[in-house]
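Novice: Data: work22.cif, mmCIF, C-alpha atoms.
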```cif
data_start
loop_
_atom_site.label_atom_id
_atom_site.label_comp_id
_atom_site.auth_asym_id
_atom_site.auth_seq_id
_atom_site.Cartn_x
_atom_site.Cartn_y
_atom_site.Cartn_z
CA MET A 23 -59.28 116.77 4.36
CA LYS A 24 -58.15 117.95 0.94
CA ARG A 25 -55.23 119.78 -0.55
CA TYR A 26 -54.26 123.10 1.06
CA LYS A 27 -57.16 122.94 3.50
CA PHE A 28 -56.99 125.86 5.86
CA PHE A 29 -56.29 124.80 9.42
CA LEU A 30 -57.13 127.23 12.24
CA ILE A 31 -55.03 126.18 15.20
CA VAL A 32 -55.15 127.90 18.55
CA LEU A 33 -51.99 129.76 19.56
CA ALA A 34 -50.17 127.96 22.37
CA THR A 35 -49.26 130.07 25.37
CA LEU A 36 -45.53 130.65 25.73
CA PRO A 37 -43.96 131.36 29.13
CA GLY A 38 -42.12 134.42 27.89
CA LEU A 39 -39.93 135.70 25.14
CA LEU A 40 -36.79 133.70 24.50
CA SER A 41 -33.33 134.81 23.54
CA CYS A 42 -32.04 133.84 20.11
CA HIS A 43 -29.50 131.43 21.61
CA LYS A 44 -32.11 129.70 23.74
CA PHE A 45 -34.56 129.57 20.87
CA LEU A 46 -32.07 127.86 18.59
CA ASN A 47 -31.61 125.06 21.09
CA LEU A 48 -35.24 124.31 21.90
CA GLN A 49 -36.92 121.07 20.89
CA PRO A 50 -39.63 122.16 18.45
CA VAL A 51 -42.22 119.42 18.40
CA ASP A 52 -44.44 119.93 21.41
CA TYR A 53 -45.91 123.16 20.13
CA VAL A 54 -48.68 124.00 17.71
CA SER A 55 -48.87 126.73 15.13
CA ASP A 56 -51.04 129.77 14.72
CA GLN A 57 -51.37 130.44 11.00
CA VAL A 58 -53.05 133.81 11.41
CA THR A 59 -51.91 135.58 14.55
CA ILE A 60 -48.20 136.15 13.98
CA VAL A 61 -47.94 139.52 15.65
CA ASP A 62 -44.87 139.41 17.91
CA ALA A 63 -41.73 137.46 18.74
CA ALA A 64 -43.54 134.82 20.80
CA SER A 65 -46.19 134.04 18.18
CA ALA A 66 -43.57 134.02 15.40
CA GLN A 67 -41.51 131.44 17.27
CA THR A 68 -44.60 129.39 18.00
CA ALA A 69 -45.55 129.41 14.33
CA VAL A 70 -42.14 128.05 13.32
CA ARG A 71 -42.37 125.30 15.90
CA GLY A 72 -45.68 124.42 14.31
CA ILE A 73 -43.96 123.83 10.95
CA TYR A 74 -41.61 121.32 12.57
CA ARG A 75 -44.57 119.66 14.25
CA LYS A 76 -46.30 119.24 10.89
CA LEU A 77 -43.09 118.03 9.24
CA SER A 78 -42.76 115.33 11.90
CA ASN A 79 -46.41 114.24 11.67
CA ASP A 80 -47.26 110.60 10.90
CA ASN A 81 -48.32 111.61 7.39
CA TYR A 82 -44.88 113.01 6.62
CA TYR A 83 -41.57 112.09 8.27
CA GLY A 84 -43.33 110.46 11.22
CA SER A 85 -43.93 107.33 9.13
CA LEU A 86 -45.94 107.34 5.89
CA PHE A 87 -43.70 109.40 3.61
CA GLN A 88 -40.66 107.53 4.85
CA SER A 89 -42.38 104.25 3.97
CA PHE A 90 -42.66 105.37 0.34
CA GLY A 91 -38.86 105.35 0.12
CA TYR A 92 -38.32 101.80 1.34
CA LEU A 93 -41.54 99.87 0.68
CA ALA A 94 -41.07 100.53 -3.03
CA GLY A 95 -37.46 99.28 -2.82
CA ASP A 96 -36.11 95.85 -1.97
CA ASN A 97 -35.19 96.03 1.72
CA VAL A 98 -38.63 95.69 3.28
CA GLN A 99 -41.55 93.29 3.10
CA TRP A 100 -45.15 93.94 4.09
CA THR A 101 -46.43 91.56 6.75
CA GLY A 102 -49.90 93.03 7.17
CA SER A 103 -53.07 92.62 5.16
CA GLN A 104 -53.89 96.09 3.80
CA SER A 105 -53.72 96.15 0.01
CA ILE A 106 -52.89 99.86 -0.04
CA ILE A 107 -49.45 99.02 1.39
CA GLN A 108 -48.87 96.04 -0.86
CA GLN A 109 -49.40 98.32 -3.87
CA PHE A 110 -46.10 100.06 -3.12
CA ILE A 111 -44.19 96.79 -3.00
CA THR A 112 -45.74 95.40 -6.21
CA HIS A 113 -45.55 98.78 -7.99
CA LYS A 114 -49.22 98.57 -8.88
CA LEU A 115 -50.34 101.79 -7.27
CA SER A 116 -53.91 103.00 -7.63
CA ALA A 117 -54.70 106.71 -7.65
CA ASP A 118 -57.27 106.18 -4.89
CA ASN A 119 -54.64 104.74 -2.52
CA GLY A 120 -55.36 106.43 0.80
CA ASN A 121 -51.70 106.76 1.80
CA LEU A 122 -50.98 108.82 -1.30
CA GLU A 123 -53.69 111.26 -0.26
CA SER A 124 -52.50 111.34 3.36
CA VAL A 125 -48.89 112.13 2.44
CA TRP A 126 -49.89 114.69 -0.20
CA THR A 127 -52.07 116.50 2.33
CA GLY A 128 -49.38 116.24 5.02
CA ILE A 129 -46.72 117.79 2.79
CA TYR A 130 -48.91 120.60 1.50
CA SER A 131 -50.07 121.37 5.04
CA THR A 132 -46.40 121.75 5.97
CA ILE A 133 -45.88 124.08 3.01
CA ASN A 134 -48.90 126.14 4.05
CA LEU A 135 -47.50 126.69 7.53
CA ALA A 136 -44.16 127.71 6.02
CA ASN A 137 -45.94 130.13 3.68
CA HIS A 138 -47.60 131.85 6.65
CA VAL A 139 -44.24 132.40 8.34
CA ILE A 140 -42.55 133.59 5.15
CA ALA A 141 -45.38 136.03 4.46
CA LYS A 142 -45.81 137.45 7.95
CA VAL A 143 -42.67 137.27 10.06
CA PRO A 144 -40.62 139.84 8.07
CA GLY A 145 -43.30 142.48 8.68
CA VAL A 146 -43.75 141.97 12.42
CA ASN A 147 -42.95 145.04 14.51
CA ASP A 148 -41.69 143.87 17.89
CA PRO A 149 -38.39 145.03 19.44
CA SER A 150 -37.89 141.51 20.79
CA LEU A 151 -37.99 140.15 17.26
CA THR A 152 -34.58 141.31 16.13
CA GLN A 153 -33.56 141.21 12.49
CA ALA A 154 -31.26 138.28 13.22
CA LEU A 155 -34.13 136.34 14.76
CA LYS A 156 -36.46 137.27 11.87
CA ASP A 157 -33.86 135.96 9.44
CA GLN A 158 -33.46 132.75 11.43
CA LEU A 159 -37.20 132.06 11.60
CA THR A 160 -37.84 132.92 7.98
CA GLY A 161 -34.82 130.93 6.85
CA GLU A 162 -36.11 127.86 8.66
CA ALA A 163 -39.45 128.22 6.87
CA TYR A 164 -37.70 128.50 3.50
CA PHE A 165 -35.62 125.41 4.25
CA ILE A 166 -38.62 123.31 5.23
CA ARG A 167 -40.57 124.50 2.18
CA ALA A 168 -37.62 123.51 -0.01
CA LEU A 169 -37.51 120.05 1.59
CA ALA A 170 -41.27 119.65 1.10
CA TYR A 171 -41.18 120.52 -2.59
CA PHE A 172 -38.13 118.31 -3.07
CA ASP A 173 -40.06 115.39 -1.59
CA LEU A 174 -43.13 116.19 -3.70
CA VAL A 175 -41.26 116.36 -6.99
CA ARG A 176 -39.23 113.20 -6.50
CA THR A 177 -42.41 111.34 -5.57
CA TRP A 178 -44.91 112.70 -8.09
CA GLY A 179 -42.96 114.73 -10.66
CA GLY A 180 -44.55 118.07 -11.50
CA VAL A 181 -46.93 119.37 -8.82
CA PRO A 182 -48.67 122.68 -8.05
CA ILE A 183 -46.39 125.36 -6.64
CA VAL A 184 -48.09 127.41 -3.92
CA LEU A 185 -46.08 130.22 -2.36
CA THR A 186 -48.78 132.16 -0.50
CA PRO A 187 -50.82 131.20 2.56
CA THR A 188 -54.17 129.47 2.14
CA LEU A 189 -56.93 131.75 3.39
CA THR A 190 -60.06 129.72 2.69
CA SER A 191 -60.74 126.00 2.42
CA GLY A 192 -60.72 125.88 -1.38
CA ASP A 193 -58.74 128.85 -2.60
CA LYS A 194 -55.85 126.71 -3.89
CA ASP A 195 -57.82 123.74 -5.26
CA THR A 196 -57.50 124.80 -8.90
CA VAL A 197 -53.86 125.91 -8.94
CA GLY A 198 -52.28 124.55 -12.12
CA ARG A 199 -49.59 121.92 -12.18
CA ALA A 200 -45.97 123.04 -12.65
CA THR A 201 -43.41 120.95 -14.50
CA ALA A 202 -40.85 118.92 -12.58
CA ALA A 203 -38.14 121.33 -13.78
CA GLN A 204 -40.10 124.28 -12.39
CA VAL A 205 -40.55 122.55 -9.02
CA TYR A 206 -36.84 121.75 -8.79
CA ALA A 207 -36.11 125.39 -9.64
CA GLN A 208 -38.33 126.45 -6.75
CA VAL A 209 -36.48 124.06 -4.43
CA LEU A 210 -33.16 125.66 -5.38
CA SER A 211 -34.56 129.18 -5.00
CA ASP A 212 -35.82 128.40 -1.50
CA LEU A 213 -32.55 126.74 -0.54
CA ASN A 214 -30.55 129.73 -1.76
CA THR A 215 -32.72 132.02 0.34
CA ALA A 216 -32.51 129.74 3.36
CA GLU A 217 -28.73 129.52 3.11
CA SER A 218 -28.46 133.32 2.97
CA LEU A 219 -30.69 133.83 6.01
CA LEU A 220 -29.67 131.01 8.32
CA PRO A 221 -26.63 131.24 10.62
CA LEU A 222 -24.26 128.47 11.52
CA PRO A 223 -25.28 127.04 14.90
CA ALA A 224 -23.53 128.33 18.01
CA THR A 225 -23.69 124.75 19.27
CA GLN A 226 -24.57 121.56 17.43
CA ASN A 227 -28.38 121.34 17.28
CA PRO A 228 -29.69 119.12 14.46
CA VAL A 229 -33.37 119.49 15.38
CA ARG A 230 -33.43 123.02 13.90
CA ALA A 231 -32.39 124.07 10.42
CA ASN A 232 -29.23 126.13 10.08
CA LYS A 233 -26.85 127.11 7.28
CA GLY A 234 -25.21 123.69 7.30
CA THR A 235 -28.61 122.01 6.99
CA ALA A 236 -29.40 124.07 3.90
CA GLN A 237 -26.00 123.22 2.40
CA ALA A 238 -26.59 119.52 3.05
CA LEU A 239 -29.93 119.55 1.26
CA LYS A 240 -28.31 121.46 -1.60
CA ALA A 241 -25.78 118.66 -1.91
CA ARG A 242 -28.64 116.16 -2.20
CA TYR A 243 -30.45 118.44 -4.64
CA TYR A 244 -27.40 118.69 -6.93
CA LEU A 245 -26.91 114.92 -6.75
CA TYR A 246 -30.42 114.45 -8.13
CA GLN A 247 -29.66 117.07 -10.80
CA ARG A 248 -26.46 115.23 -11.73
CA ASP A 249 -24.48 118.41 -11.15
CA TRP A 250 -21.47 116.59 -9.76
CA VAL A 251 -19.29 119.65 -9.20
CA GLN A 252 -21.85 121.40 -7.02
CA ALA A 253 -22.84 118.19 -5.22
CA GLU A 254 -19.21 117.63 -4.27
CA SER A 255 -18.75 121.24 -3.24
CA TYR A 256 -21.74 121.42 -0.93
CA ALA A 257 -21.11 118.01 0.59
CA SER A 258 -17.54 119.09 1.30
CA GLN A 259 -18.70 122.22 3.11
CA VAL A 260 -20.81 120.15 5.50
CA ILE A 261 -18.19 117.43 6.02
CA ALA A 262 -15.61 120.11 6.83
CA ASP A 263 -17.70 121.22 9.83
CA THR A 264 -16.20 118.65 12.19
CA LYS A 265 -17.31 120.71 15.20
CA ASP A 266 -20.94 119.86 14.51
CA TYR A 267 -20.92 116.68 12.39
CA SER A 268 -18.94 113.44 12.34
CA LEU A 269 -19.35 109.74 11.58
CA LEU A 270 -19.89 107.98 14.88
CA LYS A 271 -18.43 104.55 15.60
CA PRO A 272 -19.80 101.95 15.70
CA TYR A 273 -22.70 102.34 13.29
CA ASN A 274 -25.46 102.15 15.88
CA ALA A 275 -23.92 104.90 18.02
CA PHE A 276 -26.28 107.45 16.48
CA PHE A 277 -29.42 105.59 17.59
CA PHE A 278 -28.32 103.35 20.48
CA PRO A 279 -28.55 103.56 23.47
CA ALA A 280 -31.87 105.34 24.00
CA SER A 281 -30.02 108.44 25.17
CA ALA A 282 -28.46 108.82 21.69
CA ILE A 283 -30.54 111.81 20.58
CA ALA A 284 -29.33 114.69 18.39
CA THR A 285 -25.84 113.22 17.99
CA LYS A 286 -23.13 114.57 15.70
CA GLU A 287 -24.18 111.97 13.13
CA SER A 288 -27.34 113.97 12.40
CA VAL A 289 -27.31 117.00 10.17
CA PHE A 290 -31.09 117.21 10.50
CA GLU A 291 -33.41 115.05 12.56
CA LEU A 292 -36.91 115.50 13.97
CA SER A 293 -37.53 115.07 17.68
CA TYR A 294 -40.41 113.48 19.57
CA SER A 295 -41.47 113.16 23.20
CA ALA A 296 -43.48 110.94 25.49
CA THR A 297 -46.56 113.05 24.72
CA TYR A 298 -45.82 113.35 20.98
CA THR A 299 -44.48 109.99 19.86
CA ASN A 300 -42.94 108.76 16.61
CA GLY A 301 -45.46 106.56 14.80
CA HIS A 302 -42.67 104.68 13.05
CA ARG A 303 -41.88 102.47 16.01
CA GLY A 304 -45.21 100.66 16.02
CA TYR A 305 -44.91 99.60 12.39
CA TRP A 306 -41.46 98.05 12.94
CA GLN A 307 -41.51 96.49 16.39
CA PRO A 308 -43.12 93.05 16.91
CA PRO A 309 -46.14 92.46 19.18
CA ALA A 310 -43.78 91.15 21.86
CA ASN A 311 -42.37 94.68 22.08
CA GLY A 312 -45.71 96.46 21.86
CA GLY A 313 -45.70 97.02 18.11
CA THR A 314 -47.56 95.54 15.15
CA ARG A 315 -44.61 94.62 12.86
CA GLN A 316 -46.66 95.56 9.83
CA TRP A 317 -43.50 95.75 7.80
CA ALA A 318 -40.27 93.88 8.29
CA PRO A 319 -36.82 93.48 6.71
CA SER A 320 -36.91 91.37 3.55
CA ASP A 321 -35.19 88.00 3.46
CA ALA A 322 -32.66 89.36 0.97
CA PHE A 323 -31.81 92.29 3.23
CA ILE A 324 -31.50 90.08 6.31
CA THR A 325 -28.95 87.97 4.44
CA LEU A 326 -26.97 91.02 3.34
CA VAL A 327 -26.94 92.91 6.63
CA ASN A 328 -25.93 89.79 8.59
CA ASP A 329 -23.03 89.07 6.22
CA PRO A 330 -20.01 90.48 8.12
CA THR A 331 -18.30 91.40 4.83
CA ILE A 332 -21.30 93.48 3.69
CA GLY A 333 -23.27 94.61 6.70
CA GLY A 334 -20.43 94.77 9.19
CA ASN A 335 -21.69 96.13 12.50
CA ARG A 336 -24.83 97.43 10.81
CA SER A 337 -26.39 94.07 11.62
CA THR A 338 -27.76 95.88 14.68
CA LEU A 339 -30.43 97.28 12.34
CA VAL A 340 -32.29 93.98 12.66
CA ALA A 341 -33.23 91.74 15.56
CA LYS A 342 -35.15 88.50 16.02
CA THR A 343 -37.86 87.54 18.49
CA SER A 344 -37.76 84.35 20.52
CA ALA A 345 -40.28 82.98 18.00
CA GLY A 346 -37.83 83.60 15.16
CA LEU A 347 -39.43 86.72 13.64
CA TRP A 348 -36.97 89.24 12.21
CA TYR A 349 -37.81 92.91 12.66
CA GLY A 350 -36.22 96.30 12.04
CA ASN A 351 -34.72 97.87 15.15
CA LEU A 352 -33.87 101.45 14.16
CA TYR A 353 -37.02 102.61 15.94
CA TYR A 354 -37.24 100.85 19.29
CA ARG A 355 -37.67 103.24 22.21
CA SER A 356 -40.60 102.97 24.61
CA PRO A 357 -42.28 105.40 24.70
CA ALA A 358 -41.56 106.05 21.03
CA THR A 359 -39.29 109.08 21.32
CA ASP A 360 -37.07 107.83 18.46
CA PRO A 361 -35.90 110.69 16.21
CA ALA A 362 -36.81 110.71 12.53
CA TYR A 363 -33.54 110.91 10.57
CA VAL A 364 -33.80 113.28 7.61
CA ILE A 365 -30.14 113.97 6.76
CA ARG A 366 -27.15 112.17 8.27
CA ILE A 367 -23.49 112.97 7.75
CA ALA A 368 -23.00 109.52 6.22
CA GLU A 369 -25.18 110.65 3.34
CA LEU A 370 -22.89 113.59 2.68
CA TYR A 371 -19.87 111.27 2.45
CA LEU A 372 -21.68 109.02 -0.02
CA ILE A 373 -23.00 111.98 -2.02
CA ARG A 374 -19.45 113.25 -2.34
CA ALA A 375 -18.17 109.79 -3.20
CA GLU A 376 -20.70 109.47 -6.03
CA ALA A 377 -20.05 113.00 -7.30
CA ARG A 378 -16.30 112.41 -7.29
CA ALA A 379 -16.59 109.06 -9.05
CA GLN A 380 -18.72 110.67 -11.75
CA GLN A 381 -15.91 113.20 -12.24
CA ASP A 382 -13.33 110.38 -12.45
CA LYS A 383 -11.80 111.35 -9.11
CA LEU A 384 -11.64 107.70 -8.24
CA THR A 385 -9.09 107.78 -5.40
CA ASP A 386 -11.04 110.51 -3.60
CA ALA A 387 -14.33 108.71 -4.23
CA LEU A 388 -12.96 105.54 -2.67
CA ALA A 389 -11.69 107.50 0.33
CA ASP A 390 -15.22 108.76 1.04
CA LEU A 391 -16.76 105.35 0.45
CA ASP A 392 -14.23 103.72 2.75
CA SER A 393 -14.92 106.26 5.49
CA VAL A 394 -18.48 104.93 5.67
CA ARG A 395 -17.32 101.33 5.36
CA SER A 396 -14.69 101.77 8.07
CA ARG A 397 -17.17 102.96 10.66
CA ALA A 398 -19.29 99.90 9.79
CA GLY A 399 -16.28 97.70 10.58
CA LEU A 400 -15.56 96.80 6.95
CA VAL A 401 -12.30 96.60 5.02
CA PRO A 402 -11.67 99.08 2.18
CA SER A 403 -13.65 98.51 -1.00
CA ALA A 404 -12.03 96.40 -3.70
CA ALA A 405 -13.76 98.37 -6.47
CA ALA A 406 -11.34 99.87 -8.97
CA SER A 407 -13.10 101.05 -12.11
CA LYS A 408 -15.49 103.97 -12.22
CA GLU A 409 -18.41 101.66 -12.93
CA ASP A 410 -17.54 99.31 -10.08
CA ILE A 411 -17.10 102.17 -7.64
CA LEU A 412 -20.52 103.60 -8.53
CA VAL A 413 -22.13 100.20 -8.00
CA ALA A 414 -20.28 99.84 -4.69
CA ILE A 415 -21.58 103.24 -3.57
CA GLY A 416 -25.12 102.23 -4.48
CA ASN A 417 -24.76 98.97 -2.57
CA GLU A 418 -23.39 100.84 0.44
CA ARG A 419 -26.32 103.25 0.40
CA ARG A 420 -28.70 100.29 0.36
CA ILE A 421 -27.36 98.97 3.67
CA GLU A 422 -26.48 102.28 5.31
CA PHE A 423 -29.94 103.83 4.83
CA ALA A 424 -32.00 100.64 4.74
CA PHE A 425 -34.85 101.90 6.91
CA GLU A 426 -34.65 105.55 5.84
CA PRO A 427 -36.44 106.98 2.76
CA HIS A 428 -33.70 106.55 0.13
CA ARG A 429 -33.66 103.18 -1.61
CA TRP A 430 -36.54 103.61 -4.08
CA PHE A 431 -35.50 107.14 -4.98
CA ASP A 432 -31.86 106.06 -5.38
CA LEU A 433 -32.81 103.29 -7.82
CA VAL A 434 -34.95 105.67 -9.86
CA ARG A 435 -32.44 108.53 -10.06
CA THR A 436 -29.56 106.18 -11.00
CA GLY A 437 -31.61 104.37 -13.64
CA ARG A 438 -31.33 101.00 -11.87
CA ALA A 439 -34.99 100.44 -10.95
CA GLY A 440 -35.49 98.22 -13.99
CA ALA A 441 -32.46 96.01 -13.43
CA VAL A 442 -32.87 95.70 -9.66
CA LEU A 443 -36.65 95.69 -9.21
CA GLY A 444 -37.91 94.74 -12.66
CA VAL A 445 -39.82 98.05 -12.91
CA THR A 446 -39.18 98.87 -16.56
CA ASP A 447 -42.14 101.16 -17.29
CA PRO A 448 -40.79 104.72 -16.80
CA ASN A 449 -44.31 105.91 -16.00
CA LYS A 450 -44.03 103.94 -12.76
CA TYR A 451 -41.00 105.92 -11.61
CA VAL A 452 -43.40 108.51 -10.21
CA PHE A 453 -46.52 107.74 -8.20
CA PRO A 454 -50.08 108.52 -9.31
CA LEU A 455 -51.48 111.82 -8.14
CA PRO A 456 -54.14 111.29 -5.44
CA LEU A 457 -57.48 110.85 -7.18
CA ALA A 458 -59.28 113.17 -4.77
CA GLU A 459 -56.87 115.98 -5.65
CA VAL A 460 -57.27 115.41 -9.39
CA ASN A 461 -61.05 115.57 -9.00
CA LEU A 462 -60.90 118.74 -6.91
CA SER A 463 -58.71 120.56 -9.42
CA LYS A 464 -61.39 120.91 -12.13
CA GLY A 465 -58.98 119.78 -14.83
CA ASN A 466 -55.96 121.77 -13.62
CA LEU A 467 -54.15 118.74 -12.18
CA PRO A 468 -53.86 116.12 -14.96
CA GLN A 469 -53.01 112.60 -13.81
CA ASN A 470 -49.51 111.20 -14.37
CA ASP A 471 -49.13 109.09 -17.50
CA GLY A 472 -49.84 105.40 -17.01
CA TYR A 473 -52.41 105.92 -14.24
CA GLN A 474 -56.14 106.44 -14.29
#
```
Could the structure of this file be written out as structure tokens, please?

Specialist:
Amino acid sequence: MKRYKFFLIVLATLPGLLSCHKFLNLQPVDYVSDQVTIVDAASAQTAVRGIYRKLSNDNYYGSLFQSFGYLAGDNVQWTGSQSIIQQFITHKLSADNGNLESVWTGIYSTINLANHVIAKVPGVNDPSLTQALKDQLTGEAYFIRALAYFDLVRTWGGVPIVLTPTLTSGDKDTVGRATAAQVYAQVLSDLNTAESLLPLPATQNPVRANKGTAQALKARYYLYQRDWVQAESYASQVIADTKDYSLLKPYNAFFFPASAIATKESVFELSYSATYTNGHRGYWQPPANGGTRQWAPSDAFITLVNDPTIGGNRSTLVAKTSAGLWYGNLYYRSPATDPAYVIRIAELYLIRAEARAQQDKLTDALADLDSVRSRAGLVPSAAASKEDILVAIGNERRIEFAFEPHRWFDLVRTGRAGAVLGVTDPNKYVFPLPLAEVNLSKGNLPQNDGYQ
């Protein structure tokens, strides 16, 4: 299955038209999407649910894309035998690595579904599809498309930008490659549109995008752009919404017990069910718990997270079998209904801390850093200088988001990948484009430098 392949999916039957309030509070994942027949309110809502389903697929936030963010860092070790996984850890990626192709296809499939909604929903003539509901649905599609392009550009650099639906199996194969700057500009454009269309939620509901979700991703976007003023501003807007978001104490309150779903810790998470499970669990849990433990916390991370002065109560991220095998325990439910965490409020505090430190607002930066440390059961940071505070924030992010897709991208964007990982070749800071996609493009998708 190649880039932009056109998927014809049968429209799921809905039991009736839903009110806007009810729609905003539905779990989205157990529905499929019709890319063609968006003709009324019911089919429009079904199509948007299909985008969330694709976003949460194993090839995207269901497992493989997330693994890019931590396997290439220093928190996780590979305990299996497949060389395609080991390539991420050793930073010796081959362009024919099958996981690269799977994630690329998964992300562009998500974009294609979003493009169908963006193109068709505004023109639907159905009294049940009010303008407010049209705006909500279209805004969600813009947000997810922005997230998808953000993930593409931070993984591969410049990629093709496709803003219209795929109509045949190969009609997008030869689209030229945009620059990284152009892709980031598209991300911002989509986020601006999403923010203008999306309402604030009537009740806290992190499984659907809303205005706060768009603002949170904008904060992350501006952090990557090193626009500290805007990163601080957007993070502050989300943090100020204490009705919907707050740091939960202790640390594991957002994922334990099993009933901890869609908590106020999450700004955006993806939901699963007993019939549509999260593939992440199987990779982390040991055979004794019904998993395969194909990746596990590294020895260095186990030491850090179990140090009460560093990990605090975040030591609950890891557990040990009776045979002495350490494993990650963020994904543990059986059946695997664990949410996939895309944006948590802790990230907004640490984004604002970093943005403030970069602006020499050191007291305020420490206050944000210490908010995250406090909920982990740690004493205030002893960092004093700007440089020490920035290092402390980076160290905190390492522990806080250990099994979420941040560490590799954090080390690259802060220029620390060489010092921490020994990856000094800047060509390796992006991954090789999937070989199959390069071959399909007929010369329009040149390979990243340093790869064949």

Novice: I want to know what sits within 10 Å of segment 216-231 of chain A, based on all atoms listed in the file, with residues of the same chain fewer than 3 positions away left out; could you give that as an mmCIF file with C-alpha atoms, in the frame of the given file?

Specialist:
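Wrote result-v6.cif, looks like this:
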```
data_model
loop_
_atom_site.group_PDB
_atom_site.id
_atom_site.type_symbol
_atom_site.label_atom_id
_atom_site.label_comp_id
_atom_site.auth_asym_id
_atom_site.auth_seq_id
_atom_site.Cartn_x
_atom_site.Cartn_y
_atom_site.Cartn_z
ATOM 1 C CA HIS A 43 -29.500 131.430 21.610
ATOM 2 C CA PHE A 45 -34.560 129.570 20.870
ATOM 3 C CA LEU A 46 -32.070 127.860 18.590
ATOM 4 C CA ASN A 47 -31.610 125.060 21.090
ATOM 5 C CA LEU A 48 -35.240 124.310 21.900
ATOM 6 C CA GLN A 49 -36.920 121.070 20.890
ATOM 7 C CA PRO A 50 -39.630 122.160 18.450
ATOM 8 C CA VAL A 51 -42.220 119.420 18.400
ATOM 9 C CA ARG A 71 -42.370 125.300 15.900
ATOM 10 C CA TYR A 74 -41.610 121.320 12.570
ATOM 11 C CA ALA A 154 -31.260 138.280 13.220
ATOM 12 C CA LEU A 155 -34.130 136.340 14.760
ATOM 13 C CA LYS A 156 -36.460 137.270 11.870
ATOM 14 C CA ASP A 157 -33.860 135.960 9.440
ATOM 15 C CA GLN A 158 -33.460 132.750 11.430
ATOM 16 C CA LEU A 159 -37.200 132.060 11.600
ATOM 17 C CA THR A 160 -37.840 132.920 7.980
ATOM 18 C CA GLY A 161 -34.820 130.930 6.850
ATOM 19 C CA GLU A 162 -36.110 127.860 8.660
ATOM 20 C CA ALA A 163 -39.450 128.220 6.870
ATOM 21 C CA TYR A 164 -37.700 128.500 3.500
ATOM 22 C CA PHE A 165 -35.620 125.410 4.250
ATOM 23 C CA ILE A 166 -38.620 123.310 5.230
ATOM 24 C CA ARG A 167 -40.570 124.500 2.180
ATOM 25 C CA ALA A 168 -37.620 123.510 -0.010
ATOM 26 C CA LEU A 210 -33.160 125.660 -5.380
ATOM 27 C CA SER A 211 -34.560 129.180 -5.000
ATOM 28 C CA ASP A 212 -35.820 128.400 -1.500
ATOM 29 C CA LEU A 213 -32.550 126.740 -0.540
ATOM 30 C CA GLY A 234 -25.210 123.690 7.300
ATOM 31 C CA THR A 235 -28.610 122.010 6.990
ATOM 32 C CA ALA A 236 -29.400 124.070 3.900
ATOM 33 C CA GLN A 237 -26.000 123.220 2.400
ATOM 34 C CA LYS A 240 -28.310 121.460 -1.600
ATOM 35 C CA ASP A 263 -17.700 121.220 9.830
ATOM 36 C CA LYS A 265 -17.310 120.710 15.200
ATOM 37 C CA ASP A 266 -20.940 119.860 14.510
ATOM 38 C CA TYR A 267 -20.920 116.680 12.390
ATOM 39 C CA ILE A 283 -30.540 111.810 20.580
ATOM 40 C CA ALA A 284 -29.330 114.690 18.390
ATOM 41 C CA THR A 285 -25.840 113.220 17.990
ATOM 42 C CA LYS A 286 -23.130 114.570 15.700
ATOM 43 C CA GLU A 287 -24.180 111.970 13.130
ATOM 44 C CA SER A 288 -27.340 113.970 12.400
ATOM 45 C CA VAL A 289 -27.310 117.000 10.170
ATOM 46 C CA PHE A 290 -31.090 117.210 10.500
ATOM 47 C CA GLU A 291 -33.410 115.050 12.560
ATOM 48 C CA LEU A 292 -36.910 115.500 13.970
ATOM 49 C CA SER A 293 -37.530 115.070 17.680
ATOM 50 C CA PRO A 361 -35.900 110.690 16.210
ATOM 51 C CA ALA A 362 -36.810 110.710 12.530
ATOM 52 C CA TYR A 363 -33.540 110.910 10.570
ATOM 53 C CA VAL A 364 -33.800 113.280 7.610
ATOM 54 C CA ILE A 365 -30.140 113.970 6.760
ATOM 55 C CA ARG A 366 -27.150 112.170 8.270
#
```

Novice: Show me, as a count of residues only, the residues that have an atom within 9 Å of Asp390 of chain A when counting only C-alpha atoms, minus same-chain residues fewer than 6 positions from it.

Specialist: 6

Novice: For the PyMOL selection byres ((chain A and resi 177) around 12), applied here, can you spell out every residue it catches as a PyMOL selection string?

Specialist: chain A and resi 87-91+94+122+125-126+129+170-176+178-181+202+205+427-428+430-432+434-435+449-456+470

Novice: Between atom CA of Asp148 of chain A and atom CA of Val61 of chain A, what is the spacing in Å?

Specialist: 7.9 Å

Novice: In Å to one decimal, how far is atom CA of Arg438 of chain A from atom CA of Glu409 of chain A?

Specialist: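 We find that atom CA of Glu409 of chain A and atom CA of Arg438 of chain A lie 13.0 Å from each other.
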
Novice: Translate the PyMOL selection byres ((chain A and resi 120) around 12) into a concrete residue list for this structure, as an NGL selection string.

Specialist: :A and (23-24 or 81 or 86 or 104-107 or 109-110 or 115-119 or 121-127 or 454-459)

Novice: Expressed in Å to a single decimal, how great is the separation between atom CA of Gly304 of chain A and atom CA of Asp80 of chain A?

Specialist: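 Distance reported for this atom pair: 11.4 Å.
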
Novice: Which neighbours of segment 340-356 of chain A fall inside 10 Å, counting only C-alpha atoms, when residues of the same chain fewer than 5 positions from it are skipped, and could you give them as number ranges by chain?

Specialist: A: 98, 274, 276-281, 296, 299-313, 315-321, 323-324, 327-328, 361-362, 424-426

Novice: Pick the closest to Ile133 of chain A from A:Arg397, A:His113, A:Arg420, A:Lys76: which is it, counting only C-alpha atoms?

Specialist: A:Lys76
